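Structure file target_30.cif (mmCIF, C-alpha atoms and all ligand atoms) follows.
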data_structure
loop_
_atom_site.group_PDB
_atom_site.id
_atom_site.type_symbol
_atom_site.label_atom_id
_atom_site.label_comp_id
_atom_site.auth_asym_id
_atom_site.auth_seq_id
_atom_site.Cartn_x
_atom_site.Cartn_y
_atom_site.Cartn_z
ATOM 1 C CA MET A 1 6.143 2.581 -23.932
ATOM 2 C CA GLN A 2 7.644 0.966 -20.858
ATOM 3 C CA ILE A 3 6.520 -2.258 -19.199
ATOM 4 C CA LEU A 4 5.663 -2.103 -15.499
ATOM 5 C CA ASP A 5 7.350 -5.390 -14.687
ATOM 6 C CA GLY A 6 5.486 -6.866 -11.720
ATOM 7 C CA LYS A 7 7.510 -10.040 -11.842
ATOM 8 C CA LEU A 8 10.783 -8.127 -11.488
ATOM 9 C CA VAL A 9 9.518 -5.774 -8.766
ATOM 10 C CA SER A 10 7.902 -8.616 -6.818
ATOM 11 C CA GLU A 11 11.212 -10.494 -6.884
ATOM 12 C CA ALA A 12 12.957 -7.405 -5.491
ATOM 13 C CA ILE A 13 10.372 -7.092 -2.704
ATOM 14 C CA LYS A 14 10.695 -10.780 -1.902
ATOM 15 C CA ALA A 15 14.484 -10.434 -1.713
ATOM 16 C CA GLN A 16 14.088 -7.531 0.751
ATOM 17 C CA LEU A 17 11.682 -9.587 2.857
ATOM 18 C CA ALA A 18 14.055 -12.578 2.801
ATOM 19 C CA THR A 19 16.796 -10.359 4.251
ATOM 20 C CA LYS A 20 14.466 -9.031 6.939
ATOM 21 C CA VAL A 21 13.327 -12.545 7.872
ATOM 22 C CA ALA A 22 16.944 -13.675 8.175
ATOM 23 C CA GLU A 23 17.481 -10.713 10.551
ATOM 24 C CA LEU A 24 14.438 -11.693 12.615
ATOM 25 C CA LYS A 25 15.721 -15.238 12.873
ATOM 26 C CA ALA A 26 19.243 -14.092 13.808
ATOM 27 C CA ALA A 27 17.735 -11.942 16.571
ATOM 28 C CA GLY A 28 15.833 -14.947 17.934
ATOM 29 C CA LYS A 29 12.477 -13.447 16.911
ATOM 30 C CA LYS A 30 9.657 -15.472 15.459
ATOM 31 C CA THR A 31 9.518 -16.534 11.826
ATOM 32 C CA PRO A 32 6.509 -15.111 9.945
ATOM 33 C CA HIS A 33 3.874 -17.785 9.415
ATOM 34 C CA LEU A 34 1.071 -17.602 6.858
ATOM 35 C CA ALA A 35 -1.862 -20.018 7.029
ATOM 36 C CA ALA A 36 -3.882 -20.373 3.827
ATOM 37 C CA ILE A 37 -7.240 -22.100 3.547
ATOM 38 C CA LEU A 38 -8.361 -23.524 0.233
ATOM 39 C CA VAL A 39 -11.833 -25.018 -0.171
ATOM 40 C CA GLY A 40 -12.667 -27.195 -3.174
ATOM 41 C CA ASN A 41 -10.588 -27.600 -6.298
ATOM 42 C CA ASN A 42 -11.014 -24.528 -8.426
ATOM 43 C CA GLY A 43 -8.042 -24.614 -10.830
ATOM 44 C CA ALA A 44 -7.252 -20.901 -10.653
ATOM 45 C CA SER A 45 -7.494 -20.806 -6.846
ATOM 46 C CA GLU A 46 -5.162 -23.800 -6.627
ATOM 47 C CA THR A 47 -2.597 -22.000 -8.789
ATOM 48 C CA TYR A 48 -2.719 -18.818 -6.709
ATOM 49 C CA VAL A 49 -2.563 -20.545 -3.339
ATOM 50 C CA ALA A 50 0.280 -22.804 -4.497
ATOM 51 C CA SER A 51 2.130 -19.703 -5.649
ATOM 52 C CA LYS A 52 1.615 -18.000 -2.273
ATOM 53 C CA VAL A 53 2.854 -21.040 -0.347
ATOM 54 C CA LYS A 54 5.878 -21.407 -2.661
ATOM 55 C CA SER A 55 6.755 -17.724 -2.220
ATOM 56 C CA CYS A 56 6.635 -18.142 1.570
ATOM 57 C CA ALA A 57 9.162 -20.968 1.353
ATOM 58 C CA GLU A 58 11.415 -18.925 -0.972
ATOM 59 C CA ILE A 59 11.781 -16.091 1.512
ATOM 60 C CA GLY A 60 11.997 -18.181 4.681
ATOM 61 C CA TYR A 61 8.459 -17.862 6.042
ATOM 62 C CA ASN A 62 6.617 -20.790 7.532
ATOM 63 C CA SER A 63 3.338 -21.614 5.864
ATOM 64 C CA THR A 64 0.450 -23.969 6.458
ATOM 65 C CA LEU A 65 -1.975 -24.918 3.732
ATOM 66 C CA LEU A 66 -5.315 -26.265 4.938
ATOM 67 C CA ARG A 67 -7.241 -27.932 2.132
ATOM 68 C CA PHE A 68 -10.882 -28.828 2.486
ATOM 69 C CA ASP A 69 -13.363 -30.640 0.353
ATOM 70 C CA GLU A 70 -15.936 -28.571 -1.541
ATOM 71 C CA GLN A 71 -18.590 -30.091 0.766
ATOM 72 C CA ILE A 72 -17.065 -28.851 4.040
ATOM 73 C CA SER A 73 -19.720 -27.444 6.372
ATOM 74 C CA GLU A 74 -19.638 -23.781 7.243
ATOM 75 C CA LYS A 75 -19.321 -24.638 10.927
ATOM 76 C CA HIS A 76 -16.307 -26.887 10.340
ATOM 77 C CA LEU A 77 -14.590 -24.142 8.324
ATOM 78 C CA LEU A 78 -15.312 -21.515 10.992
ATOM 79 C CA ASP A 79 -13.933 -23.852 13.678
ATOM 80 C CA HIS A 80 -10.679 -24.138 11.748
ATOM 81 C CA ILE A 81 -10.408 -20.375 11.446
ATOM 82 C CA THR A 82 -10.965 -20.056 15.198
ATOM 83 C CA MET A 83 -8.161 -22.547 15.781
ATOM 84 C CA LEU A 84 -5.824 -20.497 13.599
ATOM 85 C CA ASN A 85 -6.898 -17.330 15.430
ATOM 86 C CA GLU A 86 -5.911 -18.976 18.712
ATOM 87 C CA ASN A 87 -2.643 -20.431 17.415
ATOM 88 C CA ALA A 88 0.000 -17.915 18.516
ATOM 89 C CA ASP A 89 2.488 -19.216 15.947
ATOM 90 C CA VAL A 90 0.209 -18.202 13.033
ATOM 91 C CA ASP A 91 0.631 -14.534 12.041
ATOM 92 C CA GLY A 92 -1.478 -14.292 8.899
ATOM 93 C CA ILE A 93 -4.662 -16.082 7.830
ATOM 94 C CA LEU A 94 -5.919 -16.112 4.274
ATOM 95 C CA VAL A 95 -9.100 -17.805 3.090
ATOM 96 C CA GLN A 96 -8.923 -18.071 -0.672
ATOM 97 C CA LEU A 97 -12.022 -16.673 -2.369
ATOM 98 C CA PRO A 98 -14.439 -17.475 -3.895
ATOM 99 C CA LEU A 99 -15.934 -20.011 -1.482
ATOM 100 C CA PRO A 100 -18.620 -22.575 -2.396
ATOM 101 C CA LYS A 101 -22.178 -21.199 -2.493
ATOM 102 C CA HIS A 102 -23.338 -22.875 0.740
ATOM 103 C CA ILE A 103 -20.721 -20.991 2.775
ATOM 104 C CA ASN A 104 -21.386 -17.430 3.884
ATOM 105 C CA GLU A 105 -18.283 -15.512 2.809
ATOM 106 C CA GLU A 106 -19.096 -12.545 5.001
ATOM 107 C CA LEU A 107 -19.335 -14.741 8.083
ATOM 108 C CA VAL A 108 -16.012 -16.388 7.224
ATOM 109 C CA ILE A 109 -14.244 -13.051 6.824
ATOM 110 C CA ASN A 110 -15.810 -11.732 10.016
ATOM 111 C CA THR A 111 -14.444 -14.732 11.900
ATOM 112 C CA ILE A 112 -10.801 -14.045 11.026
ATOM 113 C CA ASP A 113 -8.950 -12.203 13.811
ATOM 114 C CA PRO A 114 -8.473 -8.672 12.363
ATOM 115 C CA SER A 115 -4.859 -8.663 13.606
ATOM 116 C CA LYS A 116 -4.194 -11.745 11.404
ATOM 117 C CA ASP A 117 -6.315 -10.628 8.433
ATOM 118 C CA VAL A 118 -3.459 -10.141 5.967
ATOM 119 C CA ASP A 119 -5.980 -9.886 3.095
ATOM 120 C CA GLY A 120 -7.431 -6.771 4.734
ATOM 121 C CA PHE A 121 -10.995 -7.982 4.080
ATOM 122 C CA HIS A 122 -12.329 -7.851 7.678
ATOM 123 C CA PRO A 123 -14.788 -4.937 8.103
ATOM 124 C CA MET A 124 -12.636 -3.543 10.907
ATOM 125 C CA ASN A 125 -9.629 -3.348 8.591
ATOM 126 C CA VAL A 126 -11.733 -2.022 5.707
ATOM 127 C CA GLY A 127 -13.018 0.672 8.058
ATOM 128 C CA LYS A 128 -9.516 1.580 9.130
ATOM 129 C CA MET A 129 -8.362 1.800 5.523
ATOM 130 C CA VAL A 130 -11.277 4.058 4.593
ATOM 131 C CA SER A 131 -10.547 6.215 7.654
ATOM 132 C CA GLY A 132 -6.878 6.480 6.671
ATOM 133 C CA LEU A 133 -5.657 4.558 9.713
ATOM 134 C CA PRO A 134 -2.775 2.057 9.595
ATOM 135 C CA THR A 135 -4.101 -1.409 8.738
ATOM 136 C CA PHE A 136 -3.681 -4.335 6.370
ATOM 137 C CA VAL A 137 -4.375 -3.012 2.893
ATOM 138 C CA PRO A 138 -5.834 -5.637 0.497
ATOM 139 C CA ALA A 139 -3.047 -7.275 -1.461
ATOM 140 C CA THR A 140 -3.979 -6.340 -5.036
ATOM 141 C CA PRO A 141 -4.503 -2.598 -4.409
ATOM 142 C CA TYR A 142 -1.412 -2.545 -2.182
ATOM 143 C CA GLY A 143 0.601 -4.324 -4.891
ATOM 144 C CA ILE A 144 -0.555 -1.791 -7.501
ATOM 145 C CA MET A 145 0.564 1.098 -5.257
ATOM 146 C CA LEU A 146 3.944 -0.571 -4.699
ATOM 147 C CA LEU A 147 4.373 -0.979 -8.460
ATOM 148 C CA LEU A 148 3.529 2.687 -9.161
ATOM 149 C CA GLU A 149 5.901 3.682 -6.360
ATOM 150 C CA HIS A 150 8.734 1.530 -7.693
ATOM 151 C CA TYR A 151 8.562 3.104 -11.159
ATOM 152 C CA GLN A 152 8.002 6.572 -9.648
ATOM 153 C CA ILE A 153 4.956 7.089 -11.829
ATOM 154 C CA PRO A 154 3.779 10.681 -11.367
ATOM 155 C CA THR A 155 0.293 10.530 -9.828
ATOM 156 C CA LYS A 156 -0.161 13.913 -8.122
ATOM 157 C CA GLY A 157 -2.981 15.856 -9.777
ATOM 158 C CA LYS A 158 -3.507 13.145 -12.394
ATOM 159 C CA HIS A 159 -6.897 11.820 -13.415
ATOM 160 C CA ALA A 160 -7.129 8.133 -12.517
ATOM 161 C CA VAL A 161 -10.020 6.154 -13.956
ATOM 162 C CA VAL A 162 -10.724 2.891 -12.172
ATOM 163 C CA ILE A 163 -12.991 0.459 -14.024
ATOM 164 C CA GLY A 164 -14.708 -1.998 -11.668
ATOM 165 C CA ARG A 165 -16.075 -1.399 -8.171
ATOM 166 C CA SER A 166 -15.298 -4.717 -6.445
ATOM 167 C CA HIS A 167 -14.591 -4.698 -2.722
ATOM 168 C CA ILE A 168 -11.291 -6.433 -3.360
ATOM 169 C CA VAL A 169 -9.809 -4.206 -6.065
ATOM 170 C CA GLY A 170 -11.762 -1.347 -7.654
ATOM 171 C CA THR A 171 -13.150 0.287 -4.521
ATOM 172 C CA PRO A 172 -9.974 0.114 -2.378
ATOM 173 C CA VAL A 173 -7.631 1.131 -5.216
ATOM 174 C CA SER A 174 -9.796 4.197 -5.911
ATOM 175 C CA ILE A 175 -9.484 5.173 -2.238
ATOM 176 C CA LEU A 176 -5.706 4.679 -2.199
ATOM 177 C CA LEU A 177 -5.186 6.665 -5.403
ATOM 178 C CA SER A 178 -7.193 9.582 -4.019
ATOM 179 C CA ARG A 179 -5.145 9.707 -0.798
ATOM 180 C CA SER A 180 -2.807 12.542 0.036
ATOM 181 C CA ALA A 181 0.342 10.438 -0.337
ATOM 182 C CA ASN A 182 2.795 9.371 -2.982
ATOM 183 C CA PRO A 183 1.637 7.520 -4.974
ATOM 184 C CA GLY A 184 -1.757 9.162 -4.610
ATOM 185 C CA ASN A 185 -3.211 12.647 -4.892
ATOM 186 C CA CYS A 186 -5.124 11.592 -7.987
ATOM 187 C CA THR A 187 -8.516 12.812 -9.039
ATOM 188 C CA VAL A 188 -10.353 9.510 -9.212
ATOM 189 C CA THR A 189 -13.323 8.439 -11.291
ATOM 190 C CA LEU A 190 -14.725 5.031 -10.346
ATOM 191 C CA CYS A 191 -16.560 3.457 -13.292
ATOM 192 C CA HIS A 192 -18.664 0.290 -13.344
ATOM 193 C CA SER A 193 -21.283 -1.623 -15.302
ATOM 194 C CA GLN A 194 -23.828 1.203 -15.001
ATOM 195 C CA THR A 195 -21.456 3.912 -16.258
ATOM 196 C CA THR A 196 -22.995 5.309 -19.436
ATOM 197 C CA ASN A 197 -20.145 7.197 -21.106
ATOM 198 C CA LEU A 198 -17.211 4.950 -20.255
ATOM 199 C CA LYS A 199 -15.223 5.594 -23.429
ATOM 200 C CA GLU A 200 -15.359 9.388 -23.012
ATOM 201 C CA ILE A 201 -14.288 9.115 -19.369
ATOM 202 C CA CYS A 202 -11.430 6.740 -20.177
ATOM 203 C CA LEU A 203 -10.178 9.084 -22.905
ATOM 204 C CA GLN A 204 -9.679 11.707 -20.169
ATOM 205 C CA ALA A 205 -7.632 9.350 -17.995
ATOM 206 C CA ASP A 206 -3.953 9.831 -17.259
ATOM 207 C CA ILE A 207 -4.049 6.498 -15.419
ATOM 208 C CA ILE A 208 -6.452 3.610 -16.081
ATOM 209 C CA VAL A 209 -6.861 0.740 -13.639
ATOM 210 C CA ALA A 210 -8.811 -2.010 -15.397
ATOM 211 C CA ALA A 211 -10.423 -4.410 -12.913
ATOM 212 C CA ILE A 212 -13.526 -5.596 -14.731
ATOM 213 C CA GLY A 213 -12.834 -9.287 -15.243
ATOM 214 C CA LYS A 214 -13.598 -9.240 -18.990
ATOM 215 C CA PRO A 215 -10.836 -10.181 -21.432
ATOM 216 C CA ASN A 216 -9.672 -7.447 -23.851
ATOM 217 C CA PHE A 217 -12.313 -5.008 -22.536
ATOM 218 C CA VAL A 218 -10.146 -1.870 -22.762
ATOM 219 C CA THR A 219 -9.364 -1.099 -26.400
ATOM 220 C CA ALA A 220 -7.062 1.467 -28.034
ATOM 221 C CA ASP A 221 -9.941 3.842 -28.875
ATOM 222 C CA MET A 222 -10.560 4.285 -25.113
ATOM 223 C CA VAL A 223 -6.982 5.281 -24.261
ATOM 224 C CA LYS A 224 -5.357 8.712 -24.389
ATOM 225 C CA GLU A 225 -1.862 8.926 -25.872
ATOM 226 C CA GLY A 226 0.710 8.599 -23.065
ATOM 227 C CA ALA A 227 -1.653 7.130 -20.453
ATOM 228 C CA VAL A 228 -0.499 4.709 -17.737
ATOM 229 C CA ILE A 229 -2.349 1.379 -17.851
ATOM 230 C CA VAL A 230 -2.680 -0.999 -14.913
ATOM 231 C CA ASP A 231 -4.329 -4.256 -15.968
ATOM 232 C CA VAL A 232 -5.759 -6.247 -13.050
ATOM 233 C CA GLY A 233 -7.522 -8.849 -15.225
ATOM 234 C CA ILE A 234 -6.460 -12.485 -15.095
ATOM 235 C CA ASN A 235 -8.950 -14.140 -17.423
ATOM 236 C CA ARG A 236 -8.457 -17.755 -18.397
ATOM 237 C CA VAL A 237 -9.468 -18.162 -22.013
ATOM 238 C CA ALA A 238 -9.619 -21.572 -23.726
ATOM 239 C CA ASP A 239 -6.658 -22.165 -26.038
ATOM 240 C CA ALA A 240 -6.139 -25.658 -27.421
ATOM 241 C CA SER A 241 -2.560 -24.843 -28.468
ATOM 242 C CA LYS A 242 -1.527 -24.495 -24.803
ATOM 243 C CA LYS A 243 -0.557 -27.446 -22.659
ATOM 244 C CA SER A 244 -2.819 -26.139 -19.875
ATOM 245 C CA GLY A 245 -5.711 -25.764 -22.343
ATOM 246 C CA PHE A 246 -6.024 -22.023 -21.638
ATOM 247 C CA ARG A 247 -4.132 -18.785 -21.831
ATOM 248 C CA LEU A 248 -4.241 -15.770 -19.572
ATOM 249 C CA LEU A 249 -5.695 -12.565 -20.928
ATOM 250 C CA GLY A 250 -5.894 -9.239 -19.148
ATOM 251 C CA ASP A 251 -8.816 -6.818 -19.173
ATOM 252 C CA VAL A 252 -6.800 -4.699 -21.625
ATOM 253 C CA LYS A 253 -6.254 -5.480 -25.306
ATOM 254 C CA PHE A 254 -2.510 -5.292 -24.796
ATOM 255 C CA ASP A 255 -1.244 -5.401 -28.390
ATOM 256 C CA GLU A 256 -3.236 -2.393 -29.573
ATOM 257 C CA VAL A 257 -3.190 -0.411 -26.302
ATOM 258 C CA ALA A 258 0.509 -0.789 -25.454
ATOM 259 C CA PRO A 259 1.823 1.422 -28.328
ATOM 260 C CA LYS A 260 -0.323 4.334 -27.075
ATOM 261 C CA CYS A 261 0.790 4.221 -23.418
ATOM 262 C CA SER A 262 3.687 5.583 -21.443
ATOM 263 C CA PHE A 263 3.573 2.584 -19.067
ATOM 264 C CA ILE A 264 1.584 -0.647 -19.046
ATOM 265 C CA THR A 265 1.430 -3.797 -16.915
ATOM 266 C CA PRO A 266 1.527 -7.111 -18.811
ATOM 267 C CA VAL A 267 -0.642 -10.158 -18.039
ATOM 268 C CA PRO A 268 0.835 -12.406 -16.803
ATOM 269 C CA GLY A 269 3.762 -10.783 -15.021
ATOM 270 C CA GLY A 270 2.127 -7.537 -13.894
ATOM 271 C CA VAL A 271 -0.327 -7.076 -11.047
ATOM 272 C CA GLY A 272 -0.578 -10.842 -10.241
ATOM 273 C CA PRO A 273 2.955 -11.251 -8.847
ATOM 274 C CA MET A 274 2.643 -7.869 -7.065
ATOM 275 C CA THR A 275 -0.461 -9.185 -5.269
ATOM 276 C CA ILE A 276 1.628 -11.983 -3.821
ATOM 277 C CA ALA A 277 4.478 -9.640 -2.858
ATOM 278 C CA ALA A 278 1.990 -7.365 -1.067
ATOM 279 C CA LEU A 279 0.469 -10.305 0.804
ATOM 280 C CA LEU A 280 3.948 -11.325 1.951
ATOM 281 C CA LYS A 281 4.625 -7.761 3.136
ATOM 282 C CA ASN A 282 1.369 -7.797 5.102
ATOM 283 C CA THR A 283 2.352 -11.127 6.648
ATOM 284 C CA TYR A 284 5.732 -9.727 7.697
ATOM 285 C CA HIS A 285 3.984 -6.762 9.294
ATOM 286 C CA ALA A 286 1.557 -9.110 11.066
ATOM 287 C CA ALA A 287 4.509 -11.074 12.458
ATOM 288 C CA ILE A 288 6.212 -7.977 13.856
ATOM 289 C CA GLY A 289 2.891 -6.471 14.955
ATOM 290 C CA GLN A 290 2.915 -3.552 12.523
ATOM 291 C CA LYS A 291 0.287 -2.215 10.154
ATOM 292 C CA VAL A 292 0.760 -0.475 6.840
ATOM 293 C CA ASN A 293 0.047 3.226 6.769
ATOM 294 C CA MET A 294 -0.907 4.306 3.263
ATOM 295 C CA ASN A 295 -1.366 7.987 4.106
HETATM 296 N N1 LIG B 301 -8.557 -14.346 -0.102
HETATM 297 C C1 LIG B 301 -8.079 -14.090 -1.302
HETATM 298 N N2 LIG B 301 -6.982 -13.318 -1.415
HETATM 299 C C2 LIG B 301 -6.454 -13.043 -2.653
HETATM 300 O O1 LIG B 301 -5.446 -12.328 -2.750
HETATM 301 C C3 LIG B 301 -7.085 -13.607 -3.800
HETATM 302 C C4 LIG B 301 -8.226 -14.388 -3.623
HETATM 303 N N3 LIG B 301 -8.697 -14.612 -2.374
HETATM 304 N N4 LIG B 301 -8.860 -14.928 -4.691
HETATM 305 C C5 LIG B 301 -8.396 -14.744 -6.042
HETATM 306 C C6 LIG B 301 -7.549 -13.497 -6.209
HETATM 307 C C7 LIG B 301 -6.618 -13.552 -7.401
HETATM 308 N N5 LIG B 301 -5.269 -13.493 -6.865
HETATM 309 C C8 LIG B 301 -4.107 -13.629 -7.621
HETATM 310 C C9 LIG B 301 -2.854 -13.855 -7.076
HETATM 311 C C10 LIG B 301 -1.734 -14.064 -7.864
HETATM 312 C C11 LIG B 301 -1.827 -14.053 -9.229
HETATM 313 C C12 LIG B 301 -0.625 -14.337 -10.061
HETATM 314 O O2 LIG B 301 0.452 -14.592 -9.578
HETATM 315 N N6 LIG B 301 -0.757 -14.343 -11.393
HETATM 316 C C13 LIG B 301 0.317 -14.661 -12.312
HETATM 317 C C14 LIG B 301 -0.067 -15.808 -13.229
HETATM 318 C C15 LIG B 301 -0.614 -16.999 -12.506
HETATM 319 C C16 LIG B 301 -1.198 -18.041 -13.470
HETATM 320 O O3 LIG B 301 -0.406 -18.600 -14.241
HETATM 321 O O4 LIG B 301 -2.424 -18.274 -13.428
HETATM 322 C C17 LIG B 301 0.605 -13.447 -13.176
HETATM 323 O O5 LIG B 301 -0.296 -12.622 -13.362
HETATM 324 O O6 LIG B 301 1.724 -13.346 -13.671
HETATM 325 C C18 LIG B 301 -3.056 -13.813 -9.813
HETATM 326 C C19 LIG B 301 -4.178 -13.592 -9.015
HETATM 327 C C20 LIG B 301 -5.349 -13.424 -5.514
HETATM 328 N N7 LIG B 301 -6.606 -13.400 -5.088
#
As structure tokens, the full file:
Amino acid sequence: MQILDGKLVSEAIKAQLATKVAELKAAGKKTPHLAAILVGNNGASETYVASKVKSCAEIGYNSTLLRFDEQISEKHLLDHITMLNENADVDGILVQLPLPKHINEELVINTIDPSKDVDGFHPMNVGKMVSGLPTFVPATPYGIMLLLEHYQIPTKGKHAVVIGRSHIVGTPVSILLSRSANPGNCTVTLCHSQTTNLKEICLQADIIVAAIGKPNFVTADMVKEGAVIVDVGINRVADASKKSGFRLLGDVKFDEVAPKCSFITPVPGGVGPMTIAALLKNTYHAAIGQKVNMN
């Protein structure tokens, strides 16, 4: 069993980006600039956004963090997005999800200029991705593909089982894995809460992408010997022995599944850091006016 080390690979990607940014600066070109919007004080969201802003600083990007109270009106939030759209110095805009209930997420996403939508959530960018056109690919699926690519995991002709059909992870990753590209060329089965024979399907998987959001959901009896496991879960579970009061658990029961696999991502240190690396790549591409072609 080998660990797919997202921390290590994300550091390598960040180092590459740092070099490219230094080149941009030396050539008198603009420095990539990511603007992140955080509404309210959800602990997990704060951690992720802080990590994104810190990573920007590490590799020489500019970043702006706009923090708003939980009570911010939808109109006020939309006005701020419009300002960022119109600010030529801002290359990438990210609105951390989830948003408070009184704000229409769809409207917020629709308001972001598609050419600055480094999350790849705008319907225009989703449409382009589905059509196989160059666009911003959502950070988590993109990060997973970069991780598989880095470790040269064979994917052609393999059966990939994706568990979870979210718009942010499950659905886009199933599309990317089925693409005629490397990594890609998988036969994909997309499973979800209404799937009746999940265990039998998982046992046929060469690759499992677990994106359910339930701690320890994938157990050893669901995994074929030698399978590749990508664990997208980042579940905070109460743990009084930790200073933070919680520990992070993936969607995969790591200790019992790991011995059966050829490759597995840990949590933390797997898909999470790759998500940030992918976002930074998208922001670089936004700054130089390029889109990612995953075909
Ligand atoms: N508009 C938007 N874009 C996102 O990309 C987005 C979002 N909203 N909402 C929430 C999810 C989640 N997400 C993560 C990013 C980094 C880690 C990460 O770095 N995790 C570390 C551990 C971090 C910790 O200690 O909690 C790890 O797995 O090693 C995890 C999760 C981005 N998301």
Kindly list the centre and edge lengths in Å, rounded to one decimal, for the axis-aligned box that covers all listed atoms of range 41-52 of chain A plus 4 Å on each of its six sides, as lines of an AutoDock Vina configuration file.
center_x = -4.4
center_y = -22.8
center_z = -6.6
size_x = 21.1
size_y = 17.6
size_z = 16.6
On this file, the PyMOL selection byres (((chain A and resi 209) around 12) and not hetatm) gives some set of residues; write that set as a ChimeraX atom specification.
-> /A:140-141,144-145,148,159-165,169-174,177,188-192,202,205-208,210-213,217-218,223,227-233,250-252,263-265,271
Residues at most 7 Å from ligand LIG 301 (chain B), using all atoms listed in the file? Could they come as a ChimeraX atom specification?
-> /A:7,44-45,47-48,51,94-98,119,139-140,234,248,267-273,275-276
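Take the candidates A:Leu176, A:Ser262, A:Ile168, A:Asn87 and check each one against Met129 in chain A using only C-alpha atoms; the shortest distance goes to A:Leu176.
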Once the PyMOL selection byres (((chain A and resi 67) around 7) and not hetatm) has been applied to the shown file, what residues remain in the selection, as a list in words?
-> Ile37, Leu38, Val39, Leu65, Leu66, Phe68 and Asp69 of chain A
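Here CA of Gly6 in chain A stands at a distance of 17.5 Å from CA of Cys56 in chain A.
What separates CA of Ser63 in chain A from CA of Glu105 in chain A is a distance of 22.7 Å.
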Might you spell out which residues the PyMOL selection byres (((chain A and resi 186) around 6) and not hetatm) would select in the displayed file, as a compact mmCIF listing (two decimals) with C-alpha atoms, keeping the file's coordinate frame?
# COMPACT_ATOMS: atom_id res chain seq x y z
CA THR A 155 0.29 10.53 -9.83
CA LYS A 156 -0.16 13.91 -8.12
CA GLY A 157 -2.98 15.86 -9.78
CA LYS A 158 -3.51 13.14 -12.39
CA HIS A 159 -6.90 11.82 -13.42
CA LEU A 177 -5.19 6.66 -5.40
CA SER A 178 -7.19 9.58 -4.02
CA GLY A 184 -1.76 9.16 -4.61
CA ASN A 185 -3.21 12.65 -4.89
CA THR A 187 -8.52 12.81 -9.04
CA VAL A 188 -10.35 9.51 -9.21
Excluding range 24-26 of chain A and any residue of its chain fewer than 4 positions from it, enumerate the residues within 12 Å of it, using only C-alpha atoms, and give them as a list in words.
-> Leu17, Ala18, Thr19, Lys20, Lys30, Thr31, Pro32, Gly60, Tyr61, Asn62, Tyr284, Ala287 and Ile288 of chain A
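Here CA of Leu8 in chain A is placed at a distance of 10.1 Å from CA of Leu147 in chain A.
Ranking A:His167, A:Lys291, A:Lys243, A:His80 by their shortest atom-to-atom distance to Asp117 in chain A, with all atoms listed in the file included, puts A:Lys291 first.
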Pro154 in chain A proximity check over A:Asn182, A:His122, A:Tyr142, A:Gly132, using all atoms listed in the file: winner is A:Asn182
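Proximity ranking of A:Ile59, A:Leu249, A:Ile201, A:Val237 relative to Ala12 in chain A places A:Ile59 first, based on all atoms listed in the file.
Considering all atoms listed in the file, the residue among A:Pro123, A:Gly143, A:Val49, A:Val257 positioned nearest to Lys281 in chain A is A:Gly143.
When all atoms listed in the file are used to measure the gap to Ile153 in chain A, the shortest distance among A:Ala35, A:Pro183, A:Lys101, A:Ala278 belongs to A:Pro183.
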Neighbour list for His102 in chain A as a ChimeraX atom specification, cut-off 10 Å, only C-alpha atoms, skip fewer than 6 positions in-chain = /A:70-74
Could the residues in this selection be saved with C-alpha atoms as a PDB file, in the frame of the given file?
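Result file is out-v5.pdb:
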ATOM      1  CA  GLU A  70     -15.936 -28.571  -1.541  1.00  0.00           C
ATOM      2  CA  GLN A  71     -18.590 -30.091   0.766  1.00  0.00           C
ATOM      3  CA  ILE A  72     -17.065 -28.851   4.040  1.00  0.00           C
ATOM      4  CA  SER A  73     -19.720 -27.444   6.372  1.00  0.00           C
ATOM      5  CA  GLU A  74     -19.638 -23.781   7.243  1.00  0.00           C
TER       6      GLU A  74
END
Counting only C-alpha atoms, I want the residues whose atoms come within 9 Å of (-6.9, -12.2, 6.2) in the file frame, returned as a PDB file with C-alpha atoms, in the coordinates of the input.
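As a result, part_10.pdb now contains:
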ATOM      1  CA  GLY A  92      -1.478 -14.292   8.899  1.00  0.00           C
ATOM      2  CA  ILE A  93      -4.662 -16.082   7.830  1.00  0.00           C
ATOM      3  CA  LEU A  94      -5.919 -16.112   4.274  1.00  0.00           C
ATOM      4  CA  VAL A  95      -9.100 -17.805   3.090  1.00  0.00           C
ATOM      5  CA  ILE A 109     -14.244 -13.051   6.824  1.00  0.00           C
ATOM      6  CA  ILE A 112     -10.801 -14.045  11.026  1.00  0.00           C
ATOM      7  CA  ASP A 113      -8.950 -12.203  13.811  1.00  0.00           C
ATOM      8  CA  PRO A 114      -8.473  -8.672  12.363  1.00  0.00           C
ATOM      9  CA  SER A 115      -4.859  -8.663  13.606  1.00  0.00           C
ATOM     10  CA  LYS A 116      -4.194 -11.745  11.404  1.00  0.00           C
ATOM     11  CA  ASP A 117      -6.315 -10.628   8.433  1.00  0.00           C
ATOM     12  CA  VAL A 118      -3.459 -10.141   5.967  1.00  0.00           C
ATOM     13  CA  ASP A 119      -5.980  -9.886   3.095  1.00  0.00           C
ATOM     14  CA  GLY A 120      -7.431  -6.771   4.734  1.00  0.00           C
ATOM     15  CA  PHE A 121     -10.995  -7.982   4.080  1.00  0.00           C
ATOM     16  CA  HIS A 122     -12.329  -7.851   7.678  1.00  0.00           C
ATOM     17  CA  PHE A 136      -3.681  -4.335   6.370  1.00  0.00           C
ATOM     18  CA  PRO A 138      -5.834  -5.637   0.497  1.00  0.00           C
TER      19      PRO A 138
END
